Structures are given as structure tokens and as C-alpha cells.
file data.cif (mmCIF, C-alpha atoms (C1' of nucleotides))
data_input
#
loop_
_atom_site.label_atom_id
_atom_site.label_comp_id
_atom_site.auth_asym_id
_atom_site.auth_seq_id
_atom_site.Cartn_x
_atom_site.Cartn_y
_atom_site.Cartn_z
CA MET X 17 0.00 0.00 0.00
CA PHE X 18 1.19 3.46 -0.92
CA LYS X 19 1.13 5.40 2.32
CA VAL X 20 2.85 7.82 4.66
CA ASN X 21 4.79 6.82 7.77
CA LYS X 22 2.95 5.98 10.93
CA LEU X 23 4.77 8.89 12.54
CA THR X 24 3.39 11.27 9.95
CA ASP X 25 -0.09 10.07 10.71
CA TYR X 26 0.58 10.63 14.40
CA ALA X 27 1.92 14.07 13.60
CA THR X 28 -1.37 15.12 12.08
CA VAL X 29 -3.20 13.86 15.12
CA LEU X 30 -0.90 15.85 17.38
CA LEU X 31 -1.22 18.99 15.30
CA ILE X 32 -4.98 18.70 15.25
CA GLU X 33 -4.96 18.42 19.02
CA ILE X 34 -2.80 21.52 19.29
CA ALA X 35 -4.95 23.39 16.82
CA ARG X 36 -8.15 22.61 18.73
CA ARG X 37 -6.93 23.98 22.05
CA LYS X 38 -5.15 27.22 21.52
CA VAL X 39 -2.91 27.18 24.59
CA VAL X 40 0.67 26.03 25.04
CA GLN X 41 0.71 22.32 25.89
CA SER X 42 3.56 20.15 27.09
CA SER X 43 4.42 17.13 25.03
CA GLN X 44 3.43 15.04 28.03
CA HIS X 45 -0.01 16.60 28.08
CA ILE X 46 -0.48 16.14 24.35
CA ALA X 47 0.43 12.48 24.77
CA GLU X 48 -2.28 12.04 27.37
CA GLN X 49 -4.86 13.79 25.24
CA THR X 50 -4.17 11.74 22.15
CA GLY X 51 -3.24 8.38 23.61
CA ILE X 52 0.03 8.29 21.70
CA PRO X 53 3.01 7.17 23.85
CA SER X 54 4.79 10.13 25.35
CA PRO X 55 8.35 9.40 24.12
CA THR X 56 7.03 9.09 20.61
CA VAL X 57 5.14 12.35 20.94
CA ALA X 58 8.32 14.05 22.15
CA LYS X 59 10.23 12.77 19.16
CA ILE X 60 7.65 13.95 16.67
CA MET X 61 7.27 17.36 18.29
CA LYS X 62 11.00 17.93 17.96
CA SER X 63 10.77 17.32 14.24
CA LEU X 64 7.79 19.61 13.90
CA ASN X 65 9.63 22.29 15.82
CA ARG X 66 12.78 21.98 13.72
CA ALA X 67 10.65 22.36 10.62
CA GLY X 68 9.10 25.51 12.03
CA LEU X 69 5.55 24.22 12.25
CA VAL X 70 5.27 24.62 16.00
CA ALA X 71 6.82 27.05 18.46
CA SER X 72 8.38 25.67 21.61
CA ARG X 73 8.85 27.14 25.07
CA ARG X 74 11.27 25.49 27.44
CA GLY X 75 11.17 25.31 31.18
CA ALA X 76 8.34 25.00 33.64
CA SER X 77 4.91 25.62 32.09
CA GLY X 78 6.53 25.42 28.71
CA GLY X 79 5.35 23.36 25.78
CA TYR X 80 4.28 23.69 22.19
CA SER X 81 1.89 25.80 20.18
CA LEU X 82 1.26 26.31 16.49
CA GLU X 83 3.77 28.59 14.84
CA ARG X 84 1.19 29.84 12.35
CA ALA X 85 -2.53 29.48 11.62
CA ALA X 86 -3.87 26.02 10.83
CA GLU X 87 -4.94 27.32 7.43
CA LEU X 88 -1.31 27.95 6.59
CA ILE X 89 0.04 24.52 7.54
CA THR X 90 -0.21 22.06 4.67
CA LEU X 91 0.03 18.32 4.60
CA ALA X 92 3.13 18.70 2.47
CA ASP X 93 4.69 20.68 5.34
CA VAL X 94 3.89 17.95 7.82
CA ILE X 95 5.20 15.14 5.66
CA GLN X 96 8.38 17.02 4.92
CA ALA X 97 8.88 17.77 8.60
CA VAL X 98 8.63 14.14 9.64
CA GLU X 99 9.86 12.19 6.61
CA GLY X 100 12.03 14.64 4.77
CA PRO X 101 11.66 15.66 1.14
CA ILE X 102 8.74 14.48 -0.96
CA ALA X 103 10.54 12.65 -3.75
CA LEU X 104 8.72 9.64 -5.10
CA THR X 105 11.96 7.94 -6.11
CA ALA X 106 15.40 7.95 -4.55
CA CYS X 107 17.37 9.18 -7.52
CA ALA X 108 15.18 12.23 -8.03
CA ASP X 109 16.20 13.53 -4.64
CA THR X 110 19.64 14.12 -3.19
CA SER X 111 22.22 13.14 -5.74
CA ASP X 112 24.38 11.43 -3.13
CA GLU X 113 22.25 8.35 -3.43
CA HIS X 114 23.33 6.49 -6.49
CA CYS X 115 20.83 4.59 -8.53
CA ASN X 116 22.16 1.08 -9.10
CA ILE X 117 20.42 0.71 -12.43
CA GLU X 118 22.17 3.71 -13.87
CA SER X 119 22.30 2.21 -17.33
CA ILE X 120 18.64 2.84 -17.83
CA CYS X 121 18.01 5.43 -15.15
CA PRO X 122 20.65 8.15 -15.36
CA VAL X 123 18.77 10.53 -13.06
CA GLN X 124 16.31 11.34 -15.78
CA GLY X 125 13.21 13.37 -15.26
CA LYS X 126 11.04 10.28 -15.42
CA TRP X 127 9.45 11.01 -12.10
CA ASN X 128 9.66 14.79 -12.06
CA ARG X 129 6.16 15.29 -13.32
CA ALA X 130 4.78 12.93 -10.72
CA ASN X 131 6.72 14.53 -7.90
CA THR X 132 5.44 17.94 -8.82
CA ALA X 133 1.87 16.73 -9.10
CA VAL X 134 1.91 14.97 -5.74
CA ARG X 135 3.57 17.86 -4.00
CA ALA X 136 0.93 20.20 -5.38
CA ALA X 137 -1.84 17.89 -4.22
CA LEU X 138 -0.44 17.71 -0.71
CA THR X 139 0.02 21.45 -0.56
CA GLN X 140 -3.65 21.96 -1.21
CA VAL X 141 -4.74 20.16 1.93
CA THR X 142 -4.32 22.20 5.11
CA LEU X 143 -4.44 21.35 8.78
CA ALA X 144 -7.60 23.43 8.99
CA ASP X 145 -9.19 21.16 6.38
CA MET X 146 -8.35 18.12 8.41
CA VAL X 147 -9.82 19.55 11.58
CA ALA X 148 -12.97 20.33 9.63
CA ASP X 149 -13.14 16.87 8.09
CA MET X 150 -12.77 15.31 11.48
CA THR X 151 -15.78 17.03 12.98
CA MET X 152 -17.73 16.43 9.79
CA PHE X 153 -17.29 12.71 10.07
CA GLY X 154 -18.46 12.71 13.65
CA VAL X 155 -16.83 14.39 16.63
CA PRO X 156 -14.40 11.95 18.23
CA GLN X 157 -15.85 10.72 21.49
CA HIS X 158 -12.65 10.99 23.40
CA VAL X 159 -11.76 14.54 22.51
CA ALA X 160 -15.34 15.63 22.98
CA GLN X 161 -15.30 14.18 26.50
CA THR X 162 -12.02 15.62 27.61
CA THR X 163 -12.78 18.98 26.08
CA ALA X 164 -16.07 19.09 27.91
CA ALA X 165 -14.41 18.00 31.12
CA GLU X 166 -12.29 21.08 31.33
CA MET P 13 11.50 10.51 2.52
CA PHE P 14 8.02 10.14 1.11
CA LYS P 15 8.44 7.75 -1.77
CA VAL P 16 7.17 4.72 -3.67
CA ASN P 17 8.63 1.21 -3.37
CA LYS P 18 11.76 0.34 -5.25
CA LEU P 19 9.70 -2.28 -7.06
CA THR P 20 7.32 0.37 -8.29
CA ASP P 21 10.21 2.35 -9.65
CA TYR P 22 11.47 -0.79 -11.38
CA ALA P 23 7.98 -1.37 -12.74
CA THR P 24 8.00 1.96 -14.53
CA VAL P 25 11.38 1.15 -16.03
CA LEU P 26 10.07 -2.19 -17.25
CA LEU P 27 6.93 -0.69 -18.69
CA ILE P 28 8.89 1.99 -20.47
CA GLU P 29 11.07 -0.70 -22.00
CA ILE P 30 8.00 -2.61 -23.15
CA ALA P 31 6.42 0.54 -24.49
CA ARG P 32 9.50 1.45 -26.53
CA ARG P 33 9.69 -1.85 -28.37
CA LYS P 34 6.28 -2.94 -29.44
CA VAL P 35 6.87 -6.70 -29.64
CA VAL P 36 6.21 -9.42 -27.13
CA GLN P 37 9.25 -9.83 -24.87
CA SER P 38 10.06 -12.52 -22.36
CA SER P 39 10.70 -11.44 -18.81
CA GLN P 40 14.23 -12.78 -19.25
CA HIS P 41 14.80 -10.50 -22.22
CA ILE P 42 13.38 -7.50 -20.45
CA ALA P 43 15.73 -8.19 -17.55
CA GLU P 44 18.73 -8.13 -19.88
CA GLN P 45 17.58 -4.93 -21.53
CA THR P 46 17.05 -3.07 -18.29
CA GLY P 47 19.73 -4.54 -16.06
CA ILE P 48 17.24 -5.46 -13.39
CA PRO P 49 17.73 -8.99 -11.97
CA SER P 50 15.61 -11.49 -13.81
CA PRO P 51 13.77 -13.07 -10.83
CA THR P 52 12.76 -9.61 -9.72
CA VAL P 53 11.53 -8.73 -13.17
CA ALA P 54 9.49 -11.92 -13.23
CA LYS P 55 7.89 -11.04 -9.94
CA ILE P 56 6.96 -7.55 -11.00
CA MET P 57 5.60 -8.66 -14.36
CA LYS P 58 3.26 -11.05 -12.62
CA SER P 59 1.83 -8.20 -10.59
CA LEU P 60 1.45 -6.02 -13.66
CA ASN P 61 -0.31 -8.84 -15.46
CA ARG P 62 -2.69 -9.52 -12.59
CA ALA P 63 -3.56 -5.84 -12.57
CA GLY P 64 -4.31 -5.97 -16.27
CA LEU P 65 -1.59 -3.56 -17.37
CA VAL P 66 0.24 -6.08 -19.52
CA ALA P 67 -0.92 -9.07 -21.53
CA SER P 68 0.98 -12.33 -21.16
CA ARG P 69 1.55 -15.24 -23.49
CA ARG P 70 2.84 -18.48 -22.08
CA GLY P 71 4.99 -21.08 -23.70
CA ALA P 72 7.86 -20.88 -26.11
CA SER P 73 8.25 -17.47 -27.73
CA GLY P 74 5.80 -16.11 -25.19
CA GLY P 75 6.27 -13.06 -23.04
CA TYR P 76 4.62 -9.76 -22.24
CA SER P 77 3.25 -6.78 -24.10
CA LEU P 78 1.23 -3.74 -23.07
CA GLU P 79 -2.45 -4.45 -22.60
CA ARG P 80 -3.39 -0.94 -23.72
CA ALA P 81 -1.76 2.17 -25.10
CA ALA P 82 0.89 3.91 -23.02
CA GLU P 83 -1.31 7.00 -22.94
CA LEU P 84 -3.92 5.02 -21.05
CA ILE P 85 -1.66 3.62 -18.36
CA THR P 86 -1.34 5.99 -15.43
CA LEU P 87 1.13 6.09 -12.61
CA ALA P 88 -1.74 5.44 -10.24
CA ASP P 89 -2.34 2.19 -12.12
CA VAL P 90 1.27 1.14 -11.76
CA ILE P 91 1.46 1.95 -8.07
CA GLN P 92 -1.75 0.13 -7.37
CA ALA P 93 -0.57 -2.88 -9.34
CA VAL P 94 2.64 -3.21 -7.36
CA GLU P 95 1.82 -1.81 -3.94
CA GLY P 96 -1.92 -2.17 -3.67
CA PRO P 97 -4.39 0.60 -2.93
CA ILE P 98 -3.29 4.21 -2.68
CA ALA P 99 -4.35 5.05 0.85
CA LEU P 100 -2.10 7.45 2.66
CA THR P 101 -3.00 6.01 6.06
CA ALA P 102 -3.82 2.48 7.12
CA CYS P 103 -7.22 3.15 8.67
CA ALA P 104 -8.55 4.91 5.59
CA ASP P 105 -8.22 1.74 3.61
CA THR P 106 -9.52 -1.74 4.27
CA SER P 107 -11.39 -1.71 7.53
CA ASP P 108 -9.86 -5.00 8.62
CA GLU P 109 -6.82 -3.17 9.87
CA HIS P 110 -7.62 -1.69 13.22
CA CYS P 111 -6.15 1.64 14.19
CA ASN P 112 -4.60 1.30 17.63
CA ILE P 113 -5.28 4.91 18.57
CA GLU P 114 -8.99 4.55 18.04
CA SER P 115 -9.84 6.98 20.77
CA ILE P 116 -8.78 9.87 18.60
CA CYS P 117 -8.89 8.28 15.20
CA PRO P 118 -12.17 6.43 14.74
CA VAL P 119 -11.71 6.03 10.99
CA GLN P 120 -12.57 9.63 10.41
CA GLY P 121 -12.25 11.31 7.10
CA LYS P 122 -9.14 13.14 8.22
CA TRP P 123 -7.13 11.86 5.29
CA ASN P 124 -9.85 11.45 2.70
CA ARG P 125 -9.19 14.76 1.08
CA ALA P 126 -5.49 14.02 0.82
CA ASN P 127 -6.06 10.55 -0.60
CA THR P 128 -8.32 11.91 -3.28
CA ALA P 129 -5.90 14.67 -4.18
CA VAL P 130 -2.91 12.37 -4.45
CA ARG P 131 -4.82 9.78 -6.43
CA ALA P 132 -5.92 12.47 -8.86
CA ALA P 133 -2.36 13.72 -9.21
CA LEU P 134 -1.03 10.27 -9.98
CA THR P 135 -3.80 9.59 -12.45
CA GLN P 136 -2.74 12.60 -14.47
CA VAL P 137 0.72 11.23 -15.21
CA THR P 138 0.76 8.54 -17.89
CA LEU P 139 3.35 6.08 -19.06
CA ALA P 140 3.53 8.01 -22.32
CA ASP P 141 4.50 11.14 -20.35
CA MET P 142 7.30 9.27 -18.67
CA VAL P 143 8.69 7.95 -21.92
CA ALA P 144 8.61 11.50 -23.26
CA ASP P 145 10.29 12.92 -20.15
CA MET P 146 13.02 10.31 -20.42
CA THR P 147 14.01 11.25 -23.94
CA MET P 148 13.70 14.93 -23.07
CA PHE P 149 16.27 14.61 -20.34
CA GLY P 150 18.68 12.85 -22.64
CA VAL P 151 18.29 9.50 -24.29
CA PRO P 152 19.74 6.83 -22.03
CA GLN P 153 23.02 5.60 -23.50
CA HIS P 154 22.34 1.97 -22.85
CA VAL P 155 18.92 1.76 -24.45
CA ALA P 156 20.11 3.87 -27.34
CA GLN P 157 22.96 1.42 -27.92
CA THR P 158 20.97 -1.77 -27.70
CA THR P 159 18.18 -0.33 -29.82
CA ALA P 160 20.65 0.64 -32.48
CA ALA P 161 22.26 -2.79 -32.31
CA GLU P 162 19.14 -4.57 -33.44
"C1'" DA T 24 17.87 26.55 44.01
"C1'" DA T 25 14.72 23.24 42.45
"C1'" DA T 26 11.49 21.48 39.44
"C1'" DT T 27 9.80 21.35 34.79
"C1'" DA T 28 10.12 20.85 30.06
"C1'" DC T 29 12.48 20.90 25.55
"C1'" DA T 30 16.94 19.51 22.40
"C1'" DG T 31 19.75 16.28 20.49
"C1'" DG T 32 21.22 12.02 19.59
"C1'" DA T 33 22.29 7.00 20.32
"C1'" DC T 34 20.48 2.64 20.48
"C1'" DT T 35 17.28 -1.56 20.01
"C1'" DA T 36 13.23 -4.07 18.58
"C1'" DA T 37 9.83 -4.68 15.26
"C1'" DT T 38 8.15 -4.45 10.85
"C1'" DT T 39 8.34 -4.18 6.05
"C1'" DC T 40 10.55 -4.78 1.69
"C1'" DA T 41 13.51 -6.85 -1.78
"C1'" DG T 42 15.07 -10.66 -3.68
"C1'" DT T 43 15.36 -15.71 -4.59
"C1'" DC T 44 13.70 -20.18 -5.50
"C1'" DC T 45 10.61 -24.07 -6.21
"C1'" DT T 46 6.68 -26.42 -8.40
"C1'" DA T 47 2.89 -26.43 -11.63
"C1'" DT T 48 0.82 -25.17 -15.97
"C1'" DT T 49 0.61 -23.60 -20.69
"C1'" DT T 50 2.29 -23.23 -25.45
"C1'" DA T 51 5.33 -23.63 -29.54
"C1'" DC T 52 7.92 -26.41 -32.39
"C1'" DC T 53 10.20 -30.49 -34.05
"C1'" DG W 10 3.63 -36.86 -28.85
"C1'" DG W 11 7.72 -35.18 -26.60
"C1'" DT W 12 10.72 -31.54 -25.32
"C1'" DA W 13 11.97 -26.98 -24.40
"C1'" DA W 14 10.54 -22.36 -23.30
"C1'" DA W 15 7.91 -19.37 -20.77
"C1'" DT W 16 4.49 -17.69 -17.39
"C1'" DA W 17 1.63 -18.46 -12.65
"C1'" DG W 18 1.58 -18.81 -7.96
"C1'" DG W 19 3.38 -18.91 -3.74
"C1'" DA W 20 6.79 -19.82 0.09
"C1'" DC W 21 10.81 -18.43 2.17
"C1'" DT W 22 15.03 -15.67 3.65
"C1'" DG W 23 18.06 -11.80 4.28
"C1'" DA W 24 18.35 -6.88 4.22
"C1'" DA W 25 16.83 -2.42 5.07
"C1'" DT W 26 13.85 0.70 7.09
"C1'" DT W 27 10.91 2.34 10.69
"C1'" DA W 28 9.11 2.80 15.30
"C1'" DG W 29 9.96 3.30 19.75
"C1'" DT W 30 12.87 4.03 23.98
"C1'" DC W 31 16.22 6.13 26.75
"C1'" DC W 32 19.95 9.11 28.27
"C1'" DT W 33 22.36 13.48 28.80
"C1'" DG W 34 22.34 18.35 28.38
"C1'" DT W 35 20.18 23.03 28.40
"C1'" DA W 36 16.80 26.54 29.17
"C1'" DT W 37 13.06 28.65 31.99
"C1'" DT W 38 9.82 29.36 35.55
"C1'" DT W 39 8.68 29.74 40.33
#

call {"tool": "encode", "arguments": {"input": "data.cif", "output": "C-alpha cells"}}
result
Amino acid sequence: MFKVNKLTDYATVLLIEIARRKVVQSSQHIAEQTGIPSPTVAKIMKSLNRAGLVASRRGASGGYSLERAAELITLADVIQAVEGPIALTACADTSDEHCNIESICPVQGKWNRANTAVRAALTQVTLADMVADMTMFGVPQHVAQTTAAE
Amino acid sequence: MFKVNKLTDYATVLLIEIARRKVVQSSQHIAEQTGIPSPTVAKIMKSLNRAGLVASRRGASGGYSLERAAELITLADVIQAVEGPIALTACADTSDEHCNIESICPVQGKWNRANTAVRAALTQVTLADMVADMTMFGVPQHVAQTTAAE
DNA sequence: AAATACAGGACTAATTCAGTCCTATTTACC
DNA sequence: GGTAAATAGGACTGAATTAGTCCTGTATTT
């Protein structure tokens, strides 16, 4: 199956959680809210921070918040933050990886068109869209509960 | 990096080879032409045949040929043939896989929009496009040689 | 000063993927 | 009719990637 990493899927869940509440949340807290193991959350949040998708505050009562509006964070951003560049084949990307079938694949533009098309598609979908889709398909019980509980 | 399987990349190479010559070729022959190991070629060709992208003829002087014109074979077809359904996340696909974070991800349409967009993007790129892109970026030495030799 | 929380990176376990091989079936040709 | 050539299907193994954990250091609040 053609799919994104598990971690990328998690990342969207985390970002949606952060987008819903507007306050700074510790990675520990986010883990509890989402049910994703805390070390894993920490790892992902670091990537998202490095990529500039979330702002971090250290120290007591620190944590993470969105760096910019959910409308301005695209799925392409998230995937790139967690997995690196969106390049459907290895040779299209960094030229330090050498294609072992060079005789027929001398870094030609074979896949360029596809890369561009997929990147464009993923740039069209924003975090805000995903939040909207979620509630459309039925508000998740768990989040609804915990949100109400506060 | 967000990318397709190596086998899918191979598959495009194989299909391009088949598209260039119009005759029926054995999987063995295709392997020699492309430099991809013959058992691997055989495996991929079986998938492509099952998916209806290539026609097969058994027995002596048998082999494979395109089932339809290169313009009508899309990258989405190839990916689906080799990797299965294009579903960016596991839970969006067959419902027999159970998401282990169900509390926050009860098979919601979170990723639907993205799946649709990516599928559309990959449907726009055809095998004919890839053949064209290849020659545009410089005719591969090897294929040029062997083609001339016959 | 002490507690809290992020930053970076090393390491291990689990999963997936790539590649090979074996047996059965079909077809061409002598 | 027999033999060789080729695909069909599937099982199996080794390699590579991914997911997950943990440790040490640094910044910040109270």
C-alpha cells in the first residue's frame, strides 16, 4: 500500500490536538490527550519544531503551540517535517544516493512530473481542512469528553 | 522521505522498456535490456499482469506486451498494481486493519481529502508522459545502444 | 535553588521490503 | 507426442527501514 509513515499520521493527530486547544501544551499533556506514547510524541514534536511548524517554550509551564494558523500549515509541510523531502523515487532527490540501475536510469526526469503533481496535491490540503473533516465525520468521542471535562 | 517502493520504480522502467519496443518480450529478455535482476523482473511482471496492465503469453516465444496504449496507463495504475491501494494512512483503507489509537482516530475522514488529491495527481501522469520525459532529459546511453544494435 | 520541560542524539526491537527459489501449468515447435 | 521455453503462484530468507525508547544536556519558571 502506498502510504505515509505511521509517525506522519501521528503528527497530524498531534497537530490537530494543538490546533483545537489554543494554549501552550507540554508534550506530556499532548500524549495524554491523544493516547500516543509520550516518548514518541516528544520525538515527533522535535521534528515539527525543527521544521518551524510549531513554536516551543522550554522550562516550567513550557510546551508547544502552532507557529502559524492552521490554514497555513499544509500536509506537504507535515510530511516534509517528519519524513524529509517528498521525492517519489530515490534518484530524483539528493544526488548522493546512487541509482544502481544507472544504465537505464541516469537521473532522468522520469518522475519529475509525478513529484510535482503529488507535492501540489499535498500542498492543497491544510491542517484546517483536516480539523474540519474530522468534525464532519463525527466528533471523536474521546476529545469531545475531555474537552467538555475542562 | 516520502516515496514509492523500489519495485514500483522498477515497474516503470520495465513498462517503459516494453512501451518502446512494441513486440512481445520474455521477462528474461526484459531483464537483460534493463539490467534489473531477472527473478525480480518476473515477480513484478506477474503483478502487472494480474492488474491488467500487460498481456501475457505463455509457452515458447511467449512473453509480455502492453495491454493498452501507453497513454492510457497511469502512474496510479502502476502503483496500485505493485503496492496495492493508494491510501495514505492504514485506517482509511480496508477496515480489517484496526487503528490502535482509536480513541482519537475512529476512521474519520481526516485523510480522505489528501487521498483523493494524491490519487488524482497520480492519475494525471501517464506512461507516455514518462517515456517522453526520459528522452527529453537525454536518451539513455544503454537503451540507445541496444536499440541501435538490433 | 529546584522542578519542569524541551533539544539532540544513540540505540534496540519490530516491521516491512527486496530478492530468490521451487513447483505447476501452458504453449510452440520439431 | 515429446521436449523446451515461458508464465503463474506462492513460500521463504536476508536486508533495510521504521518505530519506539532512553539518556544526557540546556533553558526557563517559580

call {"tool": "residues_around", "arguments": {"input": "data.cif", "residues": "DA30 in chain T", "least_positions_apart": "5", "cutoff": "10 Å", "atoms": "all atoms listed in the file", "output": "list of chain:residue names"}}
result
X:Lys62, X:Arg66, X:Arg74, W:DG34, W:DT35, W:DA36

call {"tool": "resolve_selection", "arguments": {"input": "data.cif", "expression": "the PyMOL selection byres ((chain W) within 7 of (chain X))", "output": "PDB file with C-alpha atoms (C1' of nucleotides), in the coordinates of the input"}}
result
ATOM      1  C1'  DG W  29       9.960   3.300  19.750  1.00  0.00           C
ATOM      2  C1'  DA W  36      16.800  26.540  29.170  1.00  0.00           C
ATOM      3  C1'  DT W  37      13.060  28.650  31.990  1.00  0.00           C
ATOM      4  C1'  DT W  38       9.820  29.360  35.550  1.00  0.00           C
TER       5       DT W  38
END

call {"tool": "resolve_selection", "arguments": {"input": "data.cif", "expression": "the PyMOL selection byres ((chain T) within 8 of (chain X))", "output": "number ranges by chain"}}
result
T: 26-30

call {"tool": "closest_atom_pairs", "arguments": {"input": "data.cif", "of": "chain W", "to": "range 40-45 of chain T", "cutoff": "9 Å", "atoms": "all atoms listed in the file", "output": "CSV"}}
result
residue,atom,partner,partner_atom,distance
W:DA20,C1',T:DC45,C1',8.5
W:DC21,C1',T:DC44,C1',8.4
W:DT22,C1',T:DT43,C1',8.2
W:DG23,C1',T:DG42,C1',8.6
W:DA24,C1',T:DA41,C1',7.7
W:DA25,C1',T:DC40,C1',7.5
W:DT26,C1',T:DC40,C1',8.4

call {"tool": "write_last_selection", "arguments": {"input": "data.cif", "atoms": "C-alpha atoms (C1' of nucleotides)", "output": "short mmCIF file (atom, residue, chain, number, x, y, z; two decimals), in the frame of the given file"}}
result
data_model
loop_
_atom_site.label_atom_id
_atom_site.label_comp_id
_atom_site.auth_asym_id
_atom_site.auth_seq_id
_atom_site.Cartn_x
_atom_site.Cartn_y
_atom_site.Cartn_z
"C1'" DA W 20 6.79 -19.82 0.09
"C1'" DC W 21 10.81 -18.43 2.17
"C1'" DT W 22 15.03 -15.67 3.65
"C1'" DG W 23 18.06 -11.80 4.28
"C1'" DA W 24 18.35 -6.88 4.22
"C1'" DA W 25 16.83 -2.42 5.07
"C1'" DT W 26 13.85 0.70 7.09
#

call {"tool": "closest_residue", "arguments": {"input": "data.cif", "among": "X:Ala136, X:Val98, X:Met17, X:Leu69", "to": "chain P", "atoms": "only C-alpha atoms"}}
result
X:Met17

call {"tool": "closest_residue", "arguments": {"input": "data.cif", "among": "P:Thr20, P:Gln37, P:Gln45, P:Thr138", "to": "Ser77 in chain P", "atoms": "only C-alpha atoms"}}
result
P:Gln37

call {"tool": "residues_around", "arguments": {"input": "data.cif", "residues": "Glu99 in chain X", "least_positions_apart": "2", "cutoff": "7 Å", "atoms": "all atoms listed in the file", "output": "PyMOL selection string"}}
result
(chain X and resi 95-97+101) or (chain P and resi 13-14)

call {"tool": "write_last_selection", "arguments": {"input": "data.cif", "atoms": "C-alpha atoms", "output": "PDB file, in the frame of the given file"}}
result
ATOM      1  CA  ILE X  95       5.200  15.140   5.660  1.00  0.00           C
ATOM      2  CA  GLN X  96       8.380  17.020   4.920  1.00  0.00           C
ATOM      3  CA  ALA X  97       8.880  17.770   8.600  1.00  0.00           C
ATOM      4  CA  PRO X 101      11.660  15.660   1.140  1.00  0.00           C
TER       5      PRO X 101
ATOM      6  CA  MET P  13      11.500  10.510   2.520  1.00  0.00           C
ATOM      7  CA  PHE P  14       8.020  10.140   1.110  1.00  0.00           C
TER       8      PHE P  14
END

call {"tool": "atom_distance", "arguments": {"input": "data.cif", "atom1": "CA of Val134 in chain X", "atom2": "CA of Ala133 in chain P"}}
result
5.6 Å

call {"tool": "atom_distance", "arguments": {"input": "data.cif", "atom1": "CA of Gly51 in chain X", "atom2": "CA of Ala126 in chain P"}}
result
23.6 Å

call {"tool": "atom_distance", "arguments": {"input": "data.cif", "atom1": "CA of Arg36 in chain X", "atom2": "CA of Asn127 in chain P"}}
result
22.9 Å
